[in-house]
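Structure file protein09.txt with compact mmCIF, C-alpha atoms:
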```
# COMPACT_ATOMS: atom_id res chain seq x y z
CA MET A 193 141.20 55.94 -71.68
CA LYS A 194 139.68 59.39 -72.03
CA GLU A 195 140.61 62.06 -69.52
CA LEU A 196 138.17 62.54 -66.68
CA PRO A 197 135.98 65.63 -67.05
CA THR A 198 136.75 68.69 -64.95
CA ILE A 199 134.34 69.49 -62.15
CA GLU A 200 132.94 72.40 -64.18
CA ALA A 201 132.43 70.27 -67.29
CA ALA A 202 130.88 67.44 -65.28
CA ARG A 203 128.46 69.84 -63.56
CA ALA A 204 127.34 71.39 -66.86
CA ALA A 205 126.92 68.00 -68.52
CA LEU A 206 125.08 66.49 -65.56
CA PHE A 207 122.72 69.45 -65.32
CA ASP A 208 121.90 69.10 -69.01
CA MET A 209 121.18 65.40 -68.56
CA MET A 210 119.08 65.97 -65.44
CA LYS A 211 117.07 68.70 -67.13
CA ASN A 212 116.44 66.73 -70.33
CA ARG A 213 116.20 63.15 -69.05
CA ALA A 214 115.23 63.17 -65.38
CA PHE A 215 113.08 66.27 -64.82
CA GLU A 216 109.38 65.96 -65.63
CA GLU A 217 106.58 68.44 -65.08
CA ARG A 218 103.57 66.25 -64.32
CA GLU A 219 101.34 65.34 -61.38
CA VAL A 220 102.91 62.71 -59.12
CA THR A 221 102.73 61.36 -55.59
CA LEU A 222 106.17 61.39 -53.97
CA ALA A 223 107.68 58.79 -51.62
CA SER A 224 106.83 61.19 -48.78
CA GLY A 225 103.14 60.95 -49.73
CA ARG A 226 103.04 64.55 -50.89
CA LYS A 227 101.55 65.55 -54.25
CA SER A 228 103.70 67.50 -56.67
CA ASN A 229 103.54 68.83 -60.21
CA PHE A 230 107.17 67.99 -60.94
CA TYR A 231 109.34 64.92 -60.57
CA PHE A 232 112.94 63.76 -60.95
CA ASP A 233 113.41 60.28 -62.41
CA SER A 234 117.12 60.36 -61.63
CA LYS A 235 117.78 56.74 -62.61
CA GLN A 236 117.44 57.85 -66.25
CA VAL A 237 120.74 59.67 -65.61
CA THR A 238 122.52 57.73 -62.86
CA LEU A 239 122.28 54.46 -64.81
CA ASP A 240 123.52 56.05 -68.04
CA ALA A 241 127.21 55.39 -68.77
CA LEU A 242 128.17 59.07 -69.07
CA GLY A 243 125.77 60.06 -66.32
CA HIS A 244 127.56 57.55 -64.08
CA VAL A 245 130.86 59.31 -64.78
CA TYR A 246 129.50 62.80 -64.13
CA VAL A 247 127.70 61.75 -60.94
CA GLY A 248 130.78 59.97 -59.63
CA ARG A 249 133.01 62.94 -60.40
CA LEU A 250 130.77 65.46 -58.66
CA VAL A 251 129.72 63.40 -55.65
CA PHE A 252 133.29 62.31 -54.93
CA ASP A 253 134.36 65.97 -55.20
CA ALA A 254 131.65 66.85 -52.65
CA VAL A 255 133.02 64.14 -50.34
CA LYS A 256 136.58 65.46 -50.66
CA SER A 257 135.38 69.03 -50.05
CA TYR A 258 133.60 67.88 -46.89
CA GLU A 259 136.77 66.13 -45.70
CA ALA A 260 138.83 69.28 -46.28
CA ARG A 261 136.24 71.51 -44.60
CA ARG A 262 135.66 69.29 -41.57
CA GLY A 263 139.10 67.73 -41.17
CA ARG A 264 137.63 64.22 -41.18
CA LYS A 265 137.88 61.21 -43.50
CA ILE A 266 134.93 59.50 -45.19
CA GLU A 267 135.73 55.78 -45.30
CA ALA A 268 132.72 54.50 -47.30
CA VAL A 269 129.71 55.81 -49.24
CA GLY A 270 126.23 54.40 -49.72
CA GLY A 271 122.56 54.82 -49.11
CA LEU A 272 119.08 53.38 -49.19
CA THR A 273 118.38 51.06 -52.09
CA LEU A 274 117.41 51.65 -54.92
CA GLY A 275 118.00 55.32 -55.67
CA ALA A 276 121.40 55.52 -53.99
CA ASP A 277 122.83 52.33 -55.49
CA PRO A 278 124.12 53.69 -58.82
CA ILE A 279 125.33 56.89 -57.11
CA ALA A 280 127.36 54.89 -54.60
CA SER A 281 128.75 52.71 -57.38
CA ALA A 282 129.70 55.75 -59.48
CA THR A 283 131.35 57.49 -56.52
CA SER A 284 133.33 54.43 -55.51
CA MET A 285 134.45 53.83 -59.11
CA MET A 286 135.55 57.46 -59.44
CA SER A 287 137.47 57.31 -56.15
CA ALA A 288 139.46 54.37 -57.52
CA LEU A 289 140.17 56.18 -60.79
CA LEU A 290 141.46 59.13 -58.76
CA ASP A 291 143.70 56.79 -56.72
CA ASP A 292 141.78 57.36 -53.47
CA PRO A 293 139.54 54.26 -53.28
CA VAL A 294 136.45 54.40 -51.09
CA PRO A 295 134.13 51.37 -50.89
CA ALA A 296 130.40 51.55 -51.55
CA PHE A 297 127.61 50.00 -49.51
CA ILE A 298 123.88 49.41 -49.86
CA VAL A 299 121.28 49.89 -47.13
CA ARG A 300 118.34 47.53 -47.50
CA LYS A 301 114.82 48.79 -46.79
CA GLU A 302 114.18 45.58 -44.85
CA ALA A 303 116.67 43.18 -43.30
CA LYS A 304 117.72 40.32 -45.55
CA GLY A 305 115.27 37.48 -44.91
CA HIS A 306 117.86 34.73 -45.23
CA GLY A 307 121.60 34.18 -44.97
CA THR A 308 123.23 36.99 -42.98
CA GLY A 309 120.02 38.90 -42.19
CA ARG A 310 121.93 42.17 -42.61
CA TYR A 311 120.49 45.58 -43.39
CA ILE A 312 123.78 46.77 -44.88
CA GLU A 313 125.64 45.10 -47.74
CA GLY A 314 129.26 45.72 -48.67
CA MET A 315 130.64 46.54 -45.22
CA LYS A 316 131.74 43.08 -44.06
CA HIS A 317 135.41 43.97 -44.48
CA VAL A 318 135.05 47.62 -43.35
CA ALA A 319 135.78 48.36 -39.69
CA SER A 320 133.00 49.88 -37.57
CA ASN A 321 133.41 53.21 -35.76
CA ILE A 322 134.44 54.96 -38.98
CA GLU A 323 132.70 57.88 -40.66
CA VAL A 324 130.67 57.19 -43.79
CA ALA A 325 128.59 59.38 -46.09
CA ILE A 326 125.00 58.72 -47.11
CA LEU A 327 124.17 59.33 -50.77
CA GLU A 328 120.73 60.13 -52.18
CA ASP A 329 119.22 61.00 -55.54
CA VAL A 330 116.46 63.44 -54.54
CA VAL A 331 115.75 64.92 -51.09
CA THR A 332 112.19 66.02 -50.31
CA THR A 333 111.49 65.65 -46.58
CA GLY A 334 114.70 63.69 -46.05
CA GLY A 335 112.87 60.53 -44.99
CA SER A 336 114.91 58.09 -47.10
CA SER A 337 118.18 59.68 -46.06
CA LEU A 338 117.18 59.65 -42.40
CA LYS A 339 116.22 55.97 -42.61
CA ALA A 340 119.65 55.21 -44.09
CA VAL A 341 121.37 57.34 -41.43
CA GLU A 342 119.50 55.49 -38.68
CA ARG A 343 120.32 52.02 -40.06
CA VAL A 344 123.99 52.86 -40.57
CA ARG A 345 124.35 54.44 -37.13
CA GLU A 346 122.70 51.38 -35.58
CA ALA A 347 125.35 49.25 -37.32
CA GLY A 348 128.08 51.20 -35.50
CA TYR A 349 129.17 53.74 -38.11
CA ASP A 350 129.39 57.52 -37.75
CA VAL A 351 127.20 59.50 -40.16
CA ARG A 352 127.25 63.29 -40.31
CA PHE A 353 127.10 63.96 -44.06
CA VAL A 354 124.60 63.38 -46.88
CA VAL A 355 125.22 64.17 -50.55
CA ALA A 356 122.22 64.31 -52.88
CA LEU A 357 121.79 65.15 -56.53
CA VAL A 358 118.74 67.41 -56.03
CA ASP A 359 117.08 69.16 -53.07
CA ARG A 360 113.38 69.80 -53.69
CA LEU A 361 113.54 72.45 -50.90
CA GLU A 362 110.64 70.91 -48.98
CA GLY A 363 112.10 70.53 -45.50
CA GLY A 364 114.67 67.79 -46.01
CA ARG A 365 117.65 69.95 -45.14
CA GLU A 366 116.10 71.08 -41.87
CA ASN A 367 115.10 67.51 -40.92
CA LEU A 368 118.61 66.24 -41.60
CA GLU A 369 120.21 69.09 -39.67
CA ALA A 370 117.96 68.21 -36.71
CA ALA A 371 119.59 64.76 -36.80
CA ASP A 372 123.07 66.36 -36.77
CA VAL A 373 123.64 65.68 -40.46
CA GLU A 374 124.97 68.16 -43.03
CA LEU A 375 123.34 68.08 -46.47
CA VAL A 376 125.15 69.07 -49.66
CA THR A 377 123.32 68.89 -52.98
CA LEU A 378 124.52 69.32 -56.53
CA PHE A 379 121.32 71.12 -57.60
CA ASP A 380 118.00 72.24 -56.15
CA ARG A 381 114.51 72.80 -57.51
CA SER A 382 115.25 76.43 -58.40
CA ASP A 383 117.75 75.22 -60.99
CA PHE A 384 114.93 73.46 -62.86
CA LEU A 385 111.85 75.59 -62.16
CA GLN A 386 111.25 79.24 -62.91
CA THR A 387 109.53 79.63 -59.53
CA THR A 388 110.07 77.96 -56.14
CA SER A 389 106.36 77.39 -55.59
CA ASP A 390 104.39 74.35 -56.72
```
As a first step, turn the structure in this file into structure tokens.
Amino acid sequence: MKELPTIEAARAALFDMMKNRAFEEREVTLASGRKSNFYFDSKQVTLDALGHVYVGRLVFDAVKSYEARRGRKIEAVGGLTLGADPIASATSMMSALLDDPVPAFIVRKEAKGHGTGRYIEGMKHVASNIEVAILEDVVTTGGSSLKAVERVREAGYDVRFVVALVDRLEGGRENLEAADVELVTLFDRSDFLQTTSD
């Protein structure tokens, strides 16, 4: 097996992939309903084999940094389907490779219509009243992250931390902070645009 990339190498490689595969300058309507002239199609990177490695390396490092800074332990990672799914998978896989396994979970947008009827998948064998981290691909207003935070808190877990690949710098950080959640992102819009205005 190849050696895992260093944090610095993973960050450089992931930025290159995000810039060349995920970032697009075109008119779009975002999940928040806002119009924008740029877009991040992050699944073009998070579902790539090497992208999966780089994302897992960097997001798990962000989780460990949070633990060291706050003196708390993150017991599971996940987020709102579909954008968070490959990020949670990559982070969980990387945690196992680094001999510090952390399970992943998926938050459904709607409760399962049959069987268990659960909103959250993957936590059946994980005790409640633990702290978990919410993962996200792109934060705009923070709506998807906040929905995941709400669902996971309702299920009895403690959530105070969100890790995202990109912050569009459009109010998401402030909205998450208002819900007592810290946001850490790997990149923000200024890394991809020459100006911070649309």
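For the choices A:Pro197, A:Gly263, A:Gly314, A:Gly364, the atom-to-atom distance to A:Ser336 is smallest for A:Gly364 when using all atoms listed in the file.
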Subject >> Selection: 12 Å around A:Ala241, all atoms listed in the file, excl. self and same-chain fewer than 6 positions, as a VMD selection string >> reply: chain A and resid 206 209 235 247 to 248 278 to 279 281 to 282
Original post:
By how many Å are atom CA of A:Val351 and atom CA of A:Val324 apart?
Top reply: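 Here the two named atoms are 5.5 Å from each other.
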**OP:** Point out the residue among A:Glu217, A:Asp253, A:Asp233, A:Glu302 with the least atom-to-atom distance to A:Ala202, counting all atoms listed in the file.
**Re:** A:Asp253
**OP:** Pick out the closest residue to A:Phe207 from this set: A:Val237, A:Val373, A:Ala319, A:Val344. Count only C-alpha atoms.
**Re:**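 Using only C-alpha atoms, A:Phe207 sits closest to A:Val237.
Among the candidates A:Arg261, A:Lys301, A:His317, A:Arg360, the residue lying nearest to A:Thr273 is A:Lys301 (atoms considered: all atoms listed in the file).
Counting all atoms listed in the file, the residue from A:Val330, A:Ala268, A:Val358, A:Met210 that sits nearest to A:Lys316 is A:Ala268.
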Original post:
Which residue out of A:Asp292, A:Asp383, A:Glu200, A:Glu346 has the minimum interatomic distance to A:Lys265 when only C-alpha atoms are used?
Top reply: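 Ranking A:Asp292, A:Asp383, A:Glu200, A:Glu346 by distance to A:Lys265, first place goes to A:Asp292.
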Original post:
Between atom CA of A:Thr332 and atom CA of A:Gly225, what is the spacing in Å?
Top reply: 10.4 Å
**OP:** Quick one: everything within 9 Å of A:Gly275, counting only C-alpha atoms, minus sequence neighbours fewer than 6 positions away in the same chain. Send it as an MDAnalysis selection string.
**Re:** chainID A and resid 234:235 238 327:330
**OP:** Could you jot down the atom CA of A:Glu369 to atom CA of A:Lys339 separation for me, Å, one decimal place?
**Re:**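 It comes out at 14.0 Å.
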**OP:** Pick out the residues sitting within 12 Å of A:Glu195, and hand them over as a list of chain:residue names; count only C-alpha atoms, and ignore anything fewer than 2 positions along from it in its own chain.
**Re:**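 After dropping sequence-adjacent residues, the list is A:Met193, A:Pro197, A:Thr198, A:Ala201, A:Ala202, A:Val245, A:Arg249, A:Leu289, A:Leu290.
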Export of prior selection with C-alpha atoms as a JSON list (two decimals), in the frame of the given file:
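And here is the file that came out, again-v8.json:
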```json
[["chain", "number", "residue", "atom", "x", "y", "z"],
["A", 193, "MET", "CA", 141.20, 55.94, -71.68],
["A", 197, "PRO", "CA", 135.98, 65.63, -67.05],
["A", 198, "THR", "CA", 136.75, 68.69, -64.95],
["A", 201, "ALA", "CA", 132.43, 70.27, -67.29],
["A", 202, "ALA", "CA", 130.88, 67.44, -65.28],
["A", 245, "VAL", "CA", 130.86, 59.31, -64.78],
["A", 249, "ARG", "CA", 133.01, 62.94, -60.40],
["A", 289, "LEU", "CA", 140.17, 56.18, -60.79],
["A", 290, "LEU", "CA", 141.46, 59.13, -58.76]]
```
If we draw a sphere of 10 Å around (127.7, 55.5, -45.0), which residues have at least one atom in it when counting only C-alpha atoms? Please report them as a PDB file with C-alpha atoms, in the frame of the given file.
```
ATOM      1  CA  ILE A 266     134.930  59.500 -45.190  1.00  0.00           C
ATOM      2  CA  GLU A 267     135.730  55.780 -45.300  1.00  0.00           C
ATOM      3  CA  ALA A 268     132.720  54.500 -47.300  1.00  0.00           C
ATOM      4  CA  VAL A 269     129.710  55.810 -49.240  1.00  0.00           C
ATOM      5  CA  GLY A 270     126.230  54.400 -49.720  1.00  0.00           C
ATOM      6  CA  GLY A 271     122.560  54.820 -49.110  1.00  0.00           C
ATOM      7  CA  LEU A 272     119.080  53.380 -49.190  1.00  0.00           C
ATOM      8  CA  ALA A 280     127.360  54.890 -54.600  1.00  0.00           C
ATOM      9  CA  PRO A 295     134.130  51.370 -50.890  1.00  0.00           C
ATOM     10  CA  ALA A 296     130.400  51.550 -51.550  1.00  0.00           C
ATOM     11  CA  PHE A 297     127.610  50.000 -49.510  1.00  0.00           C
ATOM     12  CA  ILE A 298     123.880  49.410 -49.860  1.00  0.00           C
ATOM     13  CA  VAL A 299     121.280  49.890 -47.130  1.00  0.00           C
ATOM     14  CA  ILE A 312     123.780  46.770 -44.880  1.00  0.00           C
ATOM     15  CA  MET A 315     130.640  46.540 -45.220  1.00  0.00           C
ATOM     16  CA  ILE A 322     134.440  54.960 -38.980  1.00  0.00           C
ATOM     17  CA  GLU A 323     132.700  57.880 -40.660  1.00  0.00           C
ATOM     18  CA  VAL A 324     130.670  57.190 -43.790  1.00  0.00           C
ATOM     19  CA  ALA A 325     128.590  59.380 -46.090  1.00  0.00           C
ATOM     20  CA  ILE A 326     125.000  58.720 -47.110  1.00  0.00           C
ATOM     21  CA  LEU A 327     124.170  59.330 -50.770  1.00  0.00           C
ATOM     22  CA  ALA A 340     119.650  55.210 -44.090  1.00  0.00           C
ATOM     23  CA  VAL A 341     121.370  57.340 -41.430  1.00  0.00           C
ATOM     24  CA  ARG A 343     120.320  52.020 -40.060  1.00  0.00           C
ATOM     25  CA  VAL A 344     123.990  52.860 -40.570  1.00  0.00           C
ATOM     26  CA  ARG A 345     124.350  54.440 -37.130  1.00  0.00           C
ATOM     27  CA  TYR A 349     129.170  53.740 -38.110  1.00  0.00           C
ATOM     28  CA  ASP A 350     129.390  57.520 -37.750  1.00  0.00           C
ATOM     29  CA  VAL A 351     127.200  59.500 -40.160  1.00  0.00           C
ATOM     30  CA  ARG A 352     127.250  63.290 -40.310  1.00  0.00           C
ATOM     31  CA  PHE A 353     127.100  63.960 -44.060  1.00  0.00           C
ATOM     32  CA  VAL A 354     124.600  63.380 -46.880  1.00  0.00           C
TER      33      VAL A 354
END
```
All file atoms of stretch 226-232 of chain A boxed axis-aligned, 6 Å per side, centre plus edges, as lines of an AutoDock Vina configuration file:
```
center_x = 107.2
center_y = 66.3
center_z = -55.9
size_x = 23.4
size_y = 17.1
size_z = 22.1
```
Dump of stretch 253-271 of chain A from preceding block, N, CA and C atoms, as an mmCIF file, in the first residue's frame:
```cif
data_model
loop_
_atom_site.group_PDB
_atom_site.id
_atom_site.type_symbol
_atom_site.label_atom_id
_atom_site.label_comp_id
_atom_site.auth_asym_id
_atom_site.auth_seq_id
_atom_site.Cartn_x
_atom_site.Cartn_y
_atom_site.Cartn_z
ATOM 1 N N ASP A 253 -8.132 15.198 9.761
ATOM 2 C CA ASP A 253 -7.184 16.074 10.446
ATOM 3 C C ASP A 253 -7.913 17.245 11.117
ATOM 4 N N ALA A 254 -8.932 17.782 10.447
ATOM 5 C CA ALA A 254 -9.722 18.872 11.044
ATOM 6 C C ALA A 254 -10.452 18.390 12.292
ATOM 7 N N VAL A 255 -10.959 17.157 12.246
ATOM 8 C CA VAL A 255 -11.626 16.577 13.414
ATOM 9 C C VAL A 255 -10.647 16.425 14.573
ATOM 10 N N LYS A 256 -9.450 15.898 14.291
ATOM 11 C CA LYS A 256 -8.456 15.708 15.351
ATOM 12 C C LYS A 256 -7.989 17.053 15.914
ATOM 13 N N SER A 257 -7.869 18.057 15.065
ATOM 14 C CA SER A 257 -7.483 19.395 15.531
ATOM 15 C C SER A 257 -8.552 19.974 16.446
ATOM 16 N N TYR A 258 -9.810 19.768 16.084
ATOM 17 C CA TYR A 258 -10.922 20.219 16.931
ATOM 18 C C TYR A 258 -10.855 19.529 18.290
ATOM 19 N N GLU A 259 -10.635 18.218 18.285
ATOM 20 C CA GLU A 259 -10.554 17.474 19.542
ATOM 21 C C GLU A 259 -9.441 18.016 20.436
ATOM 22 N N ALA A 260 -8.285 18.284 19.830
ATOM 23 C CA ALA A 260 -7.147 18.798 20.600
ATOM 24 C C ALA A 260 -7.436 20.197 21.135
ATOM 25 N N ARG A 261 -8.089 21.020 20.319
ATOM 26 C CA ARG A 261 -8.376 22.404 20.699
ATOM 27 C C ARG A 261 -9.444 22.486 21.778
ATOM 28 N N ARG A 262 -10.463 21.634 21.682
ATOM 29 C CA ARG A 262 -11.613 21.707 22.579
ATOM 30 C C ARG A 262 -11.560 20.720 23.744
ATOM 31 N N GLY A 263 -10.643 19.753 23.666
ATOM 32 C CA GLY A 263 -10.548 18.763 24.727
ATOM 33 C C GLY A 263 -11.731 17.824 24.770
ATOM 34 N N ARG A 264 -12.336 17.563 23.588
ATOM 35 C CA ARG A 264 -13.483 16.668 23.499
ATOM 36 C C ARG A 264 -13.218 15.634 22.409
ATOM 37 N N LYS A 265 -14.012 14.566 22.404
ATOM 38 C CA LYS A 265 -13.836 13.476 21.449
ATOM 39 C C LYS A 265 -15.033 13.409 20.503
ATOM 40 N N ILE A 266 -14.750 13.383 19.203
ATOM 41 C CA ILE A 266 -15.781 13.174 18.192
ATOM 42 C C ILE A 266 -15.925 11.672 17.990
ATOM 43 N N GLU A 267 -17.128 11.161 18.202
ATOM 44 C CA GLU A 267 -17.359 9.709 18.178
ATOM 45 C C GLU A 267 -17.921 9.206 16.853
ATOM 46 N N ALA A 268 -18.404 10.104 15.985
ATOM 47 C CA ALA A 268 -18.941 9.705 14.680
ATOM 48 C C ALA A 268 -19.002 10.942 13.789
ATOM 49 N N VAL A 269 -19.021 10.720 12.471
ATOM 50 C CA VAL A 269 -19.067 11.821 11.512
ATOM 51 C C VAL A 269 -20.116 11.519 10.444
ATOM 52 N N GLY A 270 -20.823 12.549 10.015
ATOM 53 C CA GLY A 270 -21.814 12.351 8.967
ATOM 54 C C GLY A 270 -22.504 13.651 8.634
ATOM 55 N N GLY A 271 -23.482 13.566 7.760
ATOM 56 C CA GLY A 271 -24.196 14.767 7.376
ATOM 57 C C GLY A 271 -25.368 14.446 6.488
#
```
